[in-house]
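Let me begin by presenting the structure, written as structure tokens, before commenting on it.
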Amino acid sequence: MNLLVRKTDSLDGGVKALASKSYTIRAVLSALLADGTSAINDPLISLDTKASMYVCEKLGGSIRKFDEGLKIDGVAGKIRNPGSTLDTLNSGTTIRLATAISGISKDRITLTGDESIQKRPIQPLADALSQMGVRVKTTNGNPPVEVQGPLQGGECNIRGDISSQFISGLLMASPYAAKDTTINITTELKSRPYVDLTLNMLKLFKIKVGNSKYSSFHVEAGQVYSAAEYTVEGDYSSAAFILAAAALTESKVTVHNLFSDSLQADKRIVGIIRDMGAKVDVKRDSVTVRGSGRLHGVKADLSDSPDLLPIVSVLGALAEGETIIYNTEHARLKECDRIKAMHSELKKMRADVTEKQDGLVLKGGALYGATLDSWNDHRIVMSMAVAGLKAQGKTKIADSEVAAVTFPDFAGIMKGIGADIKVV
């Protein structure tokens with residue numbers, strides 16, 4: 001399946017932001033660990049979140065759908081032997097959180113994912129779990145990964161500059177360790193807001209965590225997740241593509257269900273668009289962008305929000321002057337090497353872009369339609385579709401169905417506000 005995008009001068013309308021993928025996955029797996037029945041209202045239903053629901057059921061949780069969302073009967077930490085390898089598809093969040101959670105069990109559990117997942121590092125998490133008494137085998141430091149507990153707890157050391165998901169997984173599993181756990185972070189903690197999401201979710205499920213200025217965390221043993229009701233907030237990560245498209249064109253677009261007090265890292269997109277010159281009106285539960293079609297370059301430190309690199313690089317390629325994206329080398333360890341991917345695809349559109357080890361340097365100018373690759377990465381597909389709205393001629397993006405990982409009806413939503421985009 002391909003996306004065909006043509007130049008679009010203006011967008012108009014309002015859309016409801018999809019529910020947050022990060023929160024949905026954490027809520028599903030927290031509900032698995034809880035004692036009793038939890039309700040998750042308005043969850044995101046996408047390929048990534050379906051992977052977390054599959055893991056939940058295979059590890060013993062029971063999921064029932066109802067009009068507002070999901071009801072999940074938890075296992076109170078008594079993980080069931082899944083009886084077969086857990087396939088987490090393309091979901092990096094799911095495999096990393098589920099690997100740590102599987103370590104609670106005394107059974108041998110194997111987890112894997114698609115070709116992209118099998119290229120993504122998991123050794124730092126494996127090493128930390130080993131320090132906590134779990135036997136772990138990886139495949140050259142990547143999935144498939146085999147774990148066998150039970151989780152003993154104690155003290156472990158883990159670096160924080162590769163993936164915050166490692167720390168999140170350890171935090172989620174540690175309440176069910178045999179003894180208290182101290183998690184020491186040995187490097188700078190990047191993507192810290194994602195750890196905050198996890199801490200927020202644990203608090204909702206009545207788990208207490210001691211936080212020593214993000215350099216170490218202490219989790220007491222003997223805690224039990226309490227069943228909870230949670231309504232998933234809108235996702236800034238997915239909304240970023242809509243907001244950016246509005247900023248790049250002569251448009252007025254409102255995205256509802258985006259909360260001004262959100263802890264999400266990718267809320268940063270609002271400030272970036274504003275700094276580039278778009279008019280942005282932020283209310284308690286919505287963001288409105290009024291674009292003039294003219295932006296100017298900025299310097300963007302994306303250390304805490306590496307998922308924004310693809311769309312911010314599109315903004316930079318079309319803004320007047322120079323845009324520097326830096327301190328985001330960990331974006332190379334996502335579904336693909338996103339720094340390399342965006343350099344490659346923007347070059348095809350004749351952008352003036354230079355690849356750095358930790359980011360990109362872009363000098364804004366005109367873009368031209370081209371046939372582009374998806375890199376099997378949902379954020380690459382959606383970012384290049386936004387670029388196509390400003391490019392001369394037509395832009396074709398191959399294998400665009402991967403967008404369904406987080407945004408199942410991306411083309412339909414964009415078309416609804418006026419984008420010249422269709423699936424071919």
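In the structure tokens, each chain is lettered A, B, ... as it comes, each chain's residues begin at 1, and ligands are numbered from 1 in order of appearance.
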Mind checking which residues fall within 10 Å of region 300-310 of chain A, counting only C-alpha atoms, ignoring those fewer than 3 positions away in the same chain, and posting them as a ChimeraX atom specification?
/A:161,164,189-194,236-238,240-241,264-269,272,275,297,313-316,323-334,338-339,341-343,358-360,379-384
Give me a file of those residues, with C-alpha atoms, as a PDB file, in the first residue's frame.
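Written output follows (again.pdb):
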ATOM      1  CA  ASP A 161      20.963   7.206  27.493  1.00  0.00           C
ATOM      2  CA  SER A 164      14.034   5.092  28.987  1.00  0.00           C
ATOM      3  CA  LEU A 189      18.741   9.987  31.637  1.00  0.00           C
ATOM      4  CA  LYS A 190      17.386  10.860  28.217  1.00  0.00           C
ATOM      5  CA  SER A 191      13.673  10.799  27.342  1.00  0.00           C
ATOM      6  CA  ARG A 192      12.985  11.487  31.017  1.00  0.00           C
ATOM      7  CA  PRO A 193       9.330  12.469  30.424  1.00  0.00           C
ATOM      8  CA  TYR A 194       8.601   8.859  29.448  1.00  0.00           C
ATOM      9  CA  TYR A 236       0.894  14.637  21.243  1.00  0.00           C
ATOM     10  CA  SER A 237       3.151  12.275  19.279  1.00  0.00           C
ATOM     11  CA  SER A 238       0.468  11.549  16.673  1.00  0.00           C
ATOM     12  CA  ALA A 240       2.463  16.484  15.953  1.00  0.00           C
ATOM     13  CA  PHE A 241       1.975  15.608  12.289  1.00  0.00           C
ATOM     14  CA  GLN A 264       4.085  13.714  27.426  1.00  0.00           C
ATOM     15  CA  ALA A 265       7.513  14.503  26.009  1.00  0.00           C
ATOM     16  CA  ASP A 266       6.171  15.279  22.556  1.00  0.00           C
ATOM     17  CA  LYS A 267       4.144  18.206  23.875  1.00  0.00           C
ATOM     18  CA  ARG A 268       7.393  19.955  22.949  1.00  0.00           C
ATOM     19  CA  ILE A 269       6.110  20.185  19.343  1.00  0.00           C
ATOM     20  CA  ILE A 272       8.816  24.317  18.465  1.00  0.00           C
ATOM     21  CA  ASP A 275       9.238  29.322  17.985  1.00  0.00           C
ATOM     22  CA  GLY A 297      14.641  27.934  11.443  1.00  0.00           C
ATOM     23  CA  SER A 313      13.319  17.797  10.269  1.00  0.00           C
ATOM     24  CA  VAL A 314      10.487  18.298   7.753  1.00  0.00           C
ATOM     25  CA  LEU A 315       9.682  21.643   9.358  1.00  0.00           C
ATOM     26  CA  GLY A 316      13.341  22.604   9.154  1.00  0.00           C
ATOM     27  CA  THR A 323      17.445  24.490  11.637  1.00  0.00           C
ATOM     28  CA  ILE A 324      19.741  22.437  13.844  1.00  0.00           C
ATOM     29  CA  ILE A 325      18.414  19.269  15.507  1.00  0.00           C
ATOM     30  CA  TYR A 326      20.868  17.972  18.087  1.00  0.00           C
ATOM     31  CA  ASN A 327      21.411  15.813  21.173  1.00  0.00           C
ATOM     32  CA  THR A 328      19.241  13.040  19.765  1.00  0.00           C
ATOM     33  CA  GLU A 329      21.632  10.256  18.800  1.00  0.00           C
ATOM     34  CA  HIS A 330      19.239   7.770  20.461  1.00  0.00           C
ATOM     35  CA  ALA A 331      16.855   8.417  17.536  1.00  0.00           C
ATOM     36  CA  ARG A 332      19.127   6.024  15.620  1.00  0.00           C
ATOM     37  CA  LEU A 333      17.861   3.167  17.830  1.00  0.00           C
ATOM     38  CA  LYS A 334      14.149   3.436  17.023  1.00  0.00           C
ATOM     39  CA  ARG A 338      15.686   7.875  12.000  1.00  0.00           C
ATOM     40  CA  ILE A 339      18.539  10.312  11.507  1.00  0.00           C
ATOM     41  CA  ALA A 341      16.289   7.770   7.203  1.00  0.00           C
ATOM     42  CA  MET A 342      15.248  11.425   7.259  1.00  0.00           C
ATOM     43  CA  HIS A 343      18.528  12.477   5.665  1.00  0.00           C
ATOM     44  CA  ASP A 358      23.443  13.327  16.995  1.00  0.00           C
ATOM     45  CA  GLY A 359      20.995  14.978  14.607  1.00  0.00           C
ATOM     46  CA  LEU A 360      20.543  16.963  11.406  1.00  0.00           C
ATOM     47  CA  ARG A 379       6.857   8.225  11.885  1.00  0.00           C
ATOM     48  CA  ILE A 380       8.901   8.325   8.681  1.00  0.00           C
ATOM     49  CA  VAL A 381       5.748   7.688   6.614  1.00  0.00           C
ATOM     50  CA  MET A 382       3.701  10.397   8.302  1.00  0.00           C
ATOM     51  CA  SER A 383       6.516  12.948   8.324  1.00  0.00           C
ATOM     52  CA  MET A 384       7.191  12.517   4.615  1.00  0.00           C
TER      53      MET A 384
END
Nearby residues (only C-alpha atoms) at most 8 Å from region 31-47 of chain A, same-chain spacing under 6 positions excluded, as a short mmCIF file (atom, residue, chain, number, x, y, z; two decimals) with C-alpha atoms, in the first residue's frame:
data_model
loop_
_atom_site.label_atom_id
_atom_site.label_comp_id
_atom_site.auth_asym_id
_atom_site.auth_seq_id
_atom_site.Cartn_x
_atom_site.Cartn_y
_atom_site.Cartn_z
CA LEU A 18 -5.92 9.82 19.07
CA ALA A 19 -5.38 8.40 22.53
CA SER A 20 -1.77 8.20 23.69
CA LYS A 21 0.07 5.05 22.66
CA THR A 24 -2.33 2.97 26.61
CA CYS A 56 -1.53 -9.10 28.61
CA LEU A 59 0.49 -13.67 30.60
CA GLY A 60 -2.86 -14.34 32.27
CA GLY A 61 -4.91 -11.16 32.01
CA GLU A 68 -15.85 3.18 26.33
CA GLY A 69 -12.83 0.91 26.18
CA LEU A 70 -11.42 -2.14 27.95
CA LYS A 71 -11.96 -3.99 31.19
CA ILE A 72 -9.00 -6.06 32.29
CA ASP A 73 -8.94 -8.71 35.01
CA GLY A 74 -5.44 -8.68 36.44
CA VAL A 75 -3.27 -11.43 37.91
CA ALA A 76 -1.96 -9.57 41.01
CA GLY A 77 1.60 -10.27 39.92
CA LYS A 78 1.08 -14.01 39.39
CA ILE A 79 2.28 -14.16 35.77
CA LEU A 89 5.16 -7.23 16.46
CA ASN A 90 6.73 -3.79 15.91
CA SER A 91 6.22 -2.48 19.44
CA PHE A 205 -2.30 1.82 40.47
CA VAL A 224 0.45 -5.02 44.96
CA TYR A 225 -1.04 -3.06 42.07
CA SER A 226 -4.61 -2.01 42.89
CA ALA A 227 -7.18 -2.12 40.10
CA ALA A 228 -7.91 1.34 38.70
CA GLU A 229 -10.04 3.24 36.23
CA TYR A 230 -8.17 5.41 33.75
CA THR A 231 -9.16 7.52 30.75
CA VAL A 232 -6.33 7.75 28.22
CA ALA A 404 -1.18 1.84 11.39
CA VAL A 405 1.32 1.01 14.14
CA THR A 406 0.16 4.20 15.90
CA PHE A 407 -2.21 6.08 13.54
CA PRO A 408 -4.55 3.64 11.74
#
Which residue, A:Gly169, A:Gly153, A:Gly271, A:Gly293, has the smallest gap to Gly222 (chain A) when you use only C-alpha atoms?
A:Gly153
Region 390-397 of chain A: which residues within 9 Å, counting only C-alpha atoms, same-chain residues fewer than 4 positions away excluded, as a PyMOL selection string?
chain A and resi 1-9+245+248-249+318+349+366-374+381+384-386
Would you please give, as JSON, numbers by chain, all residues of region 82-310 of chain A that DSSP assigns to alpha helix (DSSP H) based on the backbone?
{"A": [92, 93, 94, 95, 96, 97, 98, 99, 100, 101, 102, 123, 124, 125, 126, 127, 128, 129, 130, 131, 164, 165, 166, 167, 168, 169, 170, 171, 172, 173, 192, 193, 194, 195, 196, 197, 198, 199, 200, 201, 202, 203, 204, 236, 237, 238, 239, 240, 241, 242, 243, 244, 245, 246, 247, 248, 268, 269, 270, 271, 272, 273, 274, 275, 309, 310]}
Selected residue, from A:Ala246, A:Leu111, A:Ala173, A:Leu346, that lies nearest to Ile417 (chain A) when counting only C-alpha atoms
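Result for the nearest residue to Ile417 (chain A): A:Ala246.
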Point-to-point distance from CA of Val312 (chain A) to CA of Lys252 (chain A), Å rounded to tenths
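Result for CA of Val312 (chain A) versus CA of Lys252 (chain A): 19.3 Å, one decimal.
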Shell around Ser105 (chain A) at 8 Å using only C-alpha atoms, local window under 5 positions removed, as a list of chain:residue names:
A:Lys78, A:Ile79, A:Arg80, A:Asn81, A:Gln148, A:Gly149, A:Pro150, A:Leu151
Non-local contacts of Ile109 (chain A) (8 Å; only C-alpha atoms; under 4 positions in same chain excluded) as a short mmCIF file (atom, residue, chain, number, x, y, z; two decimals) with C-alpha atoms, in the first residue's frame:
data_model
loop_
_atom_site.label_atom_id
_atom_site.label_comp_id
_atom_site.auth_asym_id
_atom_site.auth_seq_id
_atom_site.Cartn_x
_atom_site.Cartn_y
_atom_site.Cartn_z
CA ASN A 81 3.30 -19.22 31.56
CA PRO A 82 2.27 -18.17 28.03
CA SER A 84 4.67 -20.09 23.46
CA THR A 85 6.90 -17.25 22.31
CA LEU A 86 5.41 -13.79 22.80
CA SER A 102 8.07 -11.63 32.47
CA GLU A 146 14.54 -15.38 27.00
CA VAL A 147 13.92 -14.61 30.67
CA GLN A 148 13.39 -16.81 33.72
#
Which residue of A:Thr182, A:Glu345, A:Lys65, A:Thr198 approaches Thr93 (chain A) most closely, using only C-alpha atoms:
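Looking only at the distances to Thr93 (chain A), the closest residue turns out to be A:Thr198.
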Write out as a PyMOL selection string each polymer residue whose atoms come within 8 Å of Asn142 (chain A), counting only C-alpha atoms; drop sequence neighbours fewer than 5 positions from it.
chain A and resi 118-123
If you run DSSP over the backbone, which residues in region 59-177 of chain A end up strand (DSSP E)? Put them as a PDB file with N, CA and C atoms, in the first residue's frame.
ATOM      1  N   SER A  62      -7.260 -11.036  31.503  1.00  0.00           N
ATOM      2  CA  SER A  62      -8.471 -11.264  30.717  1.00  0.00           C
ATOM      3  C   SER A  62      -9.010  -9.911  30.279  1.00  0.00           C
ATOM      4  N   ILE A  63      -9.191  -9.718  28.965  1.00  0.00           N
ATOM      5  CA  ILE A  63      -9.621  -8.425  28.425  1.00  0.00           C
ATOM      6  C   ILE A  63     -11.016  -8.544  27.837  1.00  0.00           C
ATOM      7  N   ARG A  64     -11.880  -7.629  28.227  1.00  0.00           N
ATOM      8  CA  ARG A  64     -13.228  -7.535  27.666  1.00  0.00           C
ATOM      9  C   ARG A  64     -13.419  -6.119  27.119  1.00  0.00           C
ATOM     10  N   LYS A  65     -13.935  -6.029  25.908  1.00  0.00           N
ATOM     11  CA  LYS A  65     -14.187  -4.726  25.306  1.00  0.00           C
ATOM     12  C   LYS A  65     -15.584  -4.253  25.675  1.00  0.00           C
ATOM     13  N   PHE A  66     -15.716  -2.944  25.914  1.00  0.00           N
ATOM     14  CA  PHE A  66     -17.027  -2.343  26.087  1.00  0.00           C
ATOM     15  C   PHE A  66     -17.016  -1.001  25.371  1.00  0.00           C
ATOM     16  N   GLY A  69     -14.216   1.370  26.196  1.00  0.00           N
ATOM     17  CA  GLY A  69     -12.835   0.908  26.179  1.00  0.00           C
ATOM     18  C   GLY A  69     -12.661  -0.539  26.567  1.00  0.00           C
ATOM     19  N   LEU A  70     -11.801  -0.783  27.566  1.00  0.00           N
ATOM     20  CA  LEU A  70     -11.419  -2.136  27.945  1.00  0.00           C
ATOM     21  C   LEU A  70     -11.606  -2.341  29.437  1.00  0.00           C
ATOM     22  N   LYS A  71     -12.017  -3.543  29.810  1.00  0.00           N
ATOM     23  CA  LYS A  71     -11.962  -3.988  31.195  1.00  0.00           C
ATOM     24  C   LYS A  71     -10.991  -5.159  31.273  1.00  0.00           C
ATOM     25  N   ILE A  72     -10.075  -5.068  32.208  1.00  0.00           N
ATOM     26  CA  ILE A  72      -9.003  -6.061  32.291  1.00  0.00           C
ATOM     27  C   ILE A  72      -8.964  -6.656  33.689  1.00  0.00           C
ATOM     28  N   ASP A  73      -9.109  -7.981  33.754  1.00  0.00           N
ATOM     29  CA  ASP A  73      -8.943  -8.712  35.015  1.00  0.00           C
ATOM     30  C   ASP A  73      -7.466  -9.025  35.170  1.00  0.00           C
ATOM     31  N   LEU A  86       6.217 -15.005  22.885  1.00  0.00           N
ATOM     32  CA  LEU A  86       5.411 -13.788  22.799  1.00  0.00           C
ATOM     33  C   LEU A  86       5.917 -12.930  21.644  1.00  0.00           C
ATOM     34  N   ASP A  87       5.047 -12.675  20.675  1.00  0.00           N
ATOM     35  CA  ASP A  87       5.401 -11.863  19.516  1.00  0.00           C
ATOM     36  C   ASP A  87       4.843 -10.455  19.728  1.00  0.00           C
ATOM     37  N   ARG A 108      10.202 -20.071  32.181  1.00  0.00           N
ATOM     38  CA  ARG A 108      11.031 -19.547  31.099  1.00  0.00           C
ATOM     39  C   ARG A 108      10.112 -18.950  30.033  1.00  0.00           C
ATOM     40  N   ILE A 109      10.294 -17.660  29.733  1.00  0.00           N
ATOM     41  CA  ILE A 109       9.430 -16.957  28.778  1.00  0.00           C
ATOM     42  C   ILE A 109      10.307 -16.312  27.700  1.00  0.00           C
ATOM     43  N   THR A 110       9.930 -16.520  26.449  1.00  0.00           N
ATOM     44  CA  THR A 110      10.675 -15.967  25.317  1.00  0.00           C
ATOM     45  C   THR A 110       9.836 -14.904  24.627  1.00  0.00           C
ATOM     46  N   LEU A 111      10.473 -13.780  24.311  1.00  0.00           N
ATOM     47  CA  LEU A 111       9.798 -12.674  23.637  1.00  0.00           C
ATOM     48  C   LEU A 111      10.559 -12.306  22.374  1.00  0.00           C
ATOM     49  N   THR A 112       9.812 -11.952  21.338  1.00  0.00           N
ATOM     50  CA  THR A 112      10.421 -11.526  20.083  1.00  0.00           C
ATOM     51  C   THR A 112       9.542 -10.455  19.447  1.00  0.00           C
ATOM     52  N   ARG A 135      17.496 -14.975  35.079  1.00  0.00           N
ATOM     53  CA  ARG A 135      18.351 -15.543  34.031  1.00  0.00           C
ATOM     54  C   ARG A 135      17.862 -15.016  32.687  1.00  0.00           C
ATOM     55  N   VAL A 136      18.769 -14.429  31.921  1.00  0.00           N
ATOM     56  CA  VAL A 136      18.393 -13.767  30.670  1.00  0.00           C
ATOM     57  C   VAL A 136      19.339 -14.177  29.553  1.00  0.00           C
ATOM     58  N   LYS A 137      18.757 -14.511  28.405  1.00  0.00           N
ATOM     59  CA  LYS A 137      19.547 -14.764  27.200  1.00  0.00           C
ATOM     60  C   LYS A 137      19.023 -13.862  26.084  1.00  0.00           C
ATOM     61  N   THR A 138      19.939 -13.166  25.419  1.00  0.00           N
ATOM     62  CA  THR A 138      19.555 -12.358  24.268  1.00  0.00           C
ATOM     63  C   THR A 138      20.200 -12.917  23.014  1.00  0.00           C
ATOM     64  N   THR A 139      19.844 -12.363  21.891  1.00  0.00           N
ATOM     65  CA  THR A 139      20.432 -12.760  20.611  1.00  0.00           C
ATOM     66  C   THR A 139      21.378 -11.648  20.176  1.00  0.00           C
ATOM     67  N   ASN A 142      20.184  -8.338  21.253  1.00  0.00           N
ATOM     68  CA  ASN A 142      18.880  -7.922  20.733  1.00  0.00           C
ATOM     69  C   ASN A 142      17.862  -9.038  20.959  1.00  0.00           C
ATOM     70  N   PRO A 143      16.566  -8.772  20.736  1.00  0.00           N
ATOM     71  CA  PRO A 143      15.571  -9.845  20.739  1.00  0.00           C
ATOM     72  C   PRO A 143      15.822 -10.808  19.578  1.00  0.00           C
ATOM     73  N   PRO A 144      15.343 -12.062  19.654  1.00  0.00           N
ATOM     74  CA  PRO A 144      14.567 -12.651  20.734  1.00  0.00           C
ATOM     75  C   PRO A 144      15.335 -12.691  22.062  1.00  0.00           C
ATOM     76  N   VAL A 145      14.564 -12.585  23.144  1.00  0.00           N
ATOM     77  CA  VAL A 145      15.137 -12.593  24.486  1.00  0.00           C
ATOM     78  C   VAL A 145      14.377 -13.604  25.326  1.00  0.00           C
ATOM     79  N   GLU A 146      15.128 -14.356  26.122  1.00  0.00           N
ATOM     80  CA  GLU A 146      14.542 -15.383  27.000  1.00  0.00           C
ATOM     81  C   GLU A 146      14.803 -14.982  28.449  1.00  0.00           C
ATOM     82  N   VAL A 147      13.757 -14.984  29.272  1.00  0.00           N
ATOM     83  CA  VAL A 147      13.915 -14.612  30.673  1.00  0.00           C
ATOM     84  C   VAL A 147      13.322 -15.703  31.557  1.00  0.00           C
ATOM     85  N   GLN A 148      13.915 -15.873  32.737  1.00  0.00           N
ATOM     86  CA  GLN A 148      13.390 -16.815  33.722  1.00  0.00           C
ATOM     87  C   GLN A 148      13.697 -16.296  35.110  1.00  0.00           C
ATOM     88  N   GLY A 154      16.883  -6.276  44.872  1.00  0.00           N
ATOM     89  CA  GLY A 154      18.222  -5.853  45.246  1.00  0.00           C
ATOM     90  C   GLY A 154      18.625  -4.607  44.493  1.00  0.00           C
ATOM     91  N   GLU A 155      19.893  -4.487  44.192  1.00  0.00           N
ATOM     92  CA  GLU A 155      20.413  -3.283  43.545  1.00  0.00           C
ATOM     93  C   GLU A 155      20.848  -3.606  42.127  1.00  0.00           C
ATOM     94  N   CYS A 156      20.509  -2.728  41.179  1.00  0.00           N
ATOM     95  CA  CYS A 156      20.972  -2.905  39.804  1.00  0.00           C
ATOM     96  C   CYS A 156      21.402  -1.566  39.237  1.00  0.00           C
ATOM     97  N   ASN A 157      22.273  -1.634  38.255  1.00  0.00           N
ATOM     98  CA  ASN A 157      22.770  -0.447  37.567  1.00  0.00           C
ATOM     99  C   ASN A 157      22.381  -0.523  36.097  1.00  0.00           C
ATOM    100  N   ILE A 158      21.938   0.595  35.541  1.00  0.00           N
ATOM    101  CA  ILE A 158      21.540   0.616  34.142  1.00  0.00           C
ATOM    102  C   ILE A 158      21.789   2.005  33.568  1.00  0.00           C
TER     103      ILE A 158
END
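If only C-alpha atoms are the atoms counted, then among A:Thr99, A:Leu197, A:Lys279, A:Val287 the closest residue to Val255 (chain A) is A:Val287.
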Quick check, in Å to one decimal: how far apart do CA of Val423 (chain A) and CA of Leu11 (chain A) lie?
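Interatomic distance here is 18.7 Å.
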Tell me which protein, DNA and RNA residues are within 10 Å of Ile207 (chain A), counting only C-alpha atoms, leaving out same-chain ones fewer than 4 positions away, and put them as a PyMOL selection string.
chain A and resi 171-172+175+199-203+219-220+223-226
Considering only C-alpha atoms, can you say which of A:Asp180, A:Leu295, A:Gln152, A:Cys336 comes closest to Gly92 (chain A)?
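Smallest distance to Gly92 (chain A) is found for A:Cys336.
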